[in-house]
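I have placed the structure first, in the form of structure tokens, so that the comments after it can refer back to it.
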Amino acid sequence: MNSFSGYENIAMIEPGDDERGVLKARFDEIAESFKLLLKYDASTVSPLVSVFDVPCVLREDISQKLLSREELLSGALDSHDGYFKVPSTLE
């Protein structure tokens, strides 16, 4: 039994037998890759914020009220009880 048993139901997909073999092989490869990472001591490695060697400049997070709810909803195609109303995407 591998660590991926039972997870195929999460995505509610039903792969065929051929696809299951391919998916299992790929998942096993991924799991083996993660096992390789466990061999290395990363306790002295600083977290990587960016792959670019530039300083990260952040602004102060200041809450501002720019538009009222009514002003925002005035441009909506449809609204209900103070919220945007959009077409359903799920049946």
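Just so we're on the same page: first chain in the structure tokens is A, next is B, and so on; residues restart at 1 for each chain, and ligands are numbered from 1 in the order they show up.
Here the residues within chain A that DSSP labels alpha helix (DSSP H) on the basis of the backbone are A:Asp17, A:Asp18, A:Glu19, A:Arg20, A:Gly21, A:Val22, A:Leu23, A:Lys24, A:Ala25, A:Arg26, A:Phe27, A:Asp28, A:Glu29, A:Ile30, A:Ala31, A:Glu32, A:Ser33, A:Phe34, A:Lys35, A:Leu36, A:Leu37, A:Arg69, A:Glu70, A:Glu71, A:Leu72, A:Leu73.
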**Report entry** Near-A:Phe84 list (12 Å; only C-alpha atoms; drop same-chain fewer than 5 positions) as a PyMOL selection string
**Finding:** chain A and resi 69-70+72-79
Include all heavy atoms and write out the residues we just selected as a short mmCIF file (atom, residue, chain, number, x, y, z; two decimals), in the first residue's frame.
```cif
data_model
loop_
_atom_site.label_atom_id
_atom_site.label_comp_id
_atom_site.auth_asym_id
_atom_site.auth_seq_id
_atom_site.Cartn_x
_atom_site.Cartn_y
_atom_site.Cartn_z
N ARG A 69 -19.88 51.21 -0.55
CA ARG A 69 -20.48 50.01 -1.11
C ARG A 69 -21.44 50.37 -2.24
O ARG A 69 -21.46 49.73 -3.29
CB ARG A 69 -21.21 49.24 -0.02
CG ARG A 69 -21.84 47.95 -0.51
CD ARG A 69 -22.51 47.21 0.62
NE ARG A 69 -21.54 46.80 1.59
CZ ARG A 69 -21.23 45.53 1.85
NH1 ARG A 69 -21.85 44.57 1.23
NH2 ARG A 69 -20.32 45.24 2.75
N GLU A 70 -22.21 51.42 -2.04
CA GLU A 70 -23.17 51.85 -3.06
C GLU A 70 -22.46 52.28 -4.34
O GLU A 70 -22.92 51.99 -5.45
CB GLU A 70 -24.05 52.99 -2.53
CG GLU A 70 -25.00 52.59 -1.42
CD GLU A 70 -24.31 52.42 -0.06
OE1 GLU A 70 -23.24 53.03 0.18
OE2 GLU A 70 -24.83 51.65 0.76
N LEU A 72 -19.52 51.26 -5.39
CA LEU A 72 -19.00 50.06 -6.04
C LEU A 72 -20.09 49.30 -6.76
O LEU A 72 -19.93 48.88 -7.91
CB LEU A 72 -18.34 49.13 -5.01
CG LEU A 72 -16.98 49.57 -4.49
CD1 LEU A 72 -16.55 48.70 -3.32
CD2 LEU A 72 -15.96 49.51 -5.60
N LEU A 73 -21.23 49.11 -6.10
CA LEU A 73 -22.31 48.33 -6.69
C LEU A 73 -23.03 49.07 -7.81
O LEU A 73 -23.75 48.45 -8.59
CB LEU A 73 -23.31 47.92 -5.61
CG LEU A 73 -22.79 46.87 -4.62
CD1 LEU A 73 -23.79 46.66 -3.50
CD2 LEU A 73 -22.48 45.57 -5.32
N SER A 74 -22.84 50.38 -7.90
CA SER A 74 -23.53 51.13 -8.95
C SER A 74 -23.09 50.69 -10.34
O SER A 74 -23.84 50.83 -11.30
CB SER A 74 -23.29 52.63 -8.78
OG SER A 74 -21.94 52.96 -9.05
N GLY A 75 -21.92 50.14 -10.45
CA GLY A 75 -21.43 49.68 -11.75
C GLY A 75 -21.68 48.21 -12.00
O GLY A 75 -21.33 47.69 -13.06
N ALA A 76 -22.30 47.52 -11.04
CA ALA A 76 -22.54 46.09 -11.19
C ALA A 76 -23.71 45.83 -12.12
O ALA A 76 -24.68 46.59 -12.16
CB ALA A 76 -22.83 45.47 -9.82
N LEU A 77 -23.62 44.74 -12.88
CA LEU A 77 -24.75 44.35 -13.73
C LEU A 77 -25.93 43.92 -12.87
O LEU A 77 -27.08 44.16 -13.23
CB LEU A 77 -24.32 43.20 -14.65
CG LEU A 77 -23.27 43.55 -15.69
CD1 LEU A 77 -22.88 42.30 -16.48
CD2 LEU A 77 -23.77 44.63 -16.63
N ASP A 78 -25.66 43.29 -11.74
CA ASP A 78 -26.72 42.84 -10.84
C ASP A 78 -26.17 42.77 -9.43
O ASP A 78 -24.99 42.48 -9.22
CB ASP A 78 -27.22 41.46 -11.28
CG ASP A 78 -28.59 41.10 -10.70
OD1 ASP A 78 -29.19 41.97 -10.03
OD2 ASP A 78 -29.04 39.98 -10.93
N SER A 79 -27.01 43.06 -8.44
CA SER A 79 -26.59 42.96 -7.04
C SER A 79 -27.78 42.52 -6.21
O SER A 79 -28.93 42.57 -6.65
CB SER A 79 -26.06 44.31 -6.53
OG SER A 79 -27.09 45.28 -6.55
#
```
Query raised in the report: How many Å lie between atom CA of A:Ser43 and atom CA of A:Pro55, rounded to one decimal?
Result: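 Rounded to one decimal, the two atoms are 23.1 Å apart.
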Requested in this report: Could you give me, as a ChimeraX atom specification, each residue of stretch 3-91 of chain A that DSSP assigns to strand (DSSP E or B) when run on this structure's backbone?
Outcome: /A:79-80,83-84
Query raised in the report: What gap, in Å, lies between atom CA of A:Leu48 and atom CA of A:Lys35?
Result: 20.8 Å
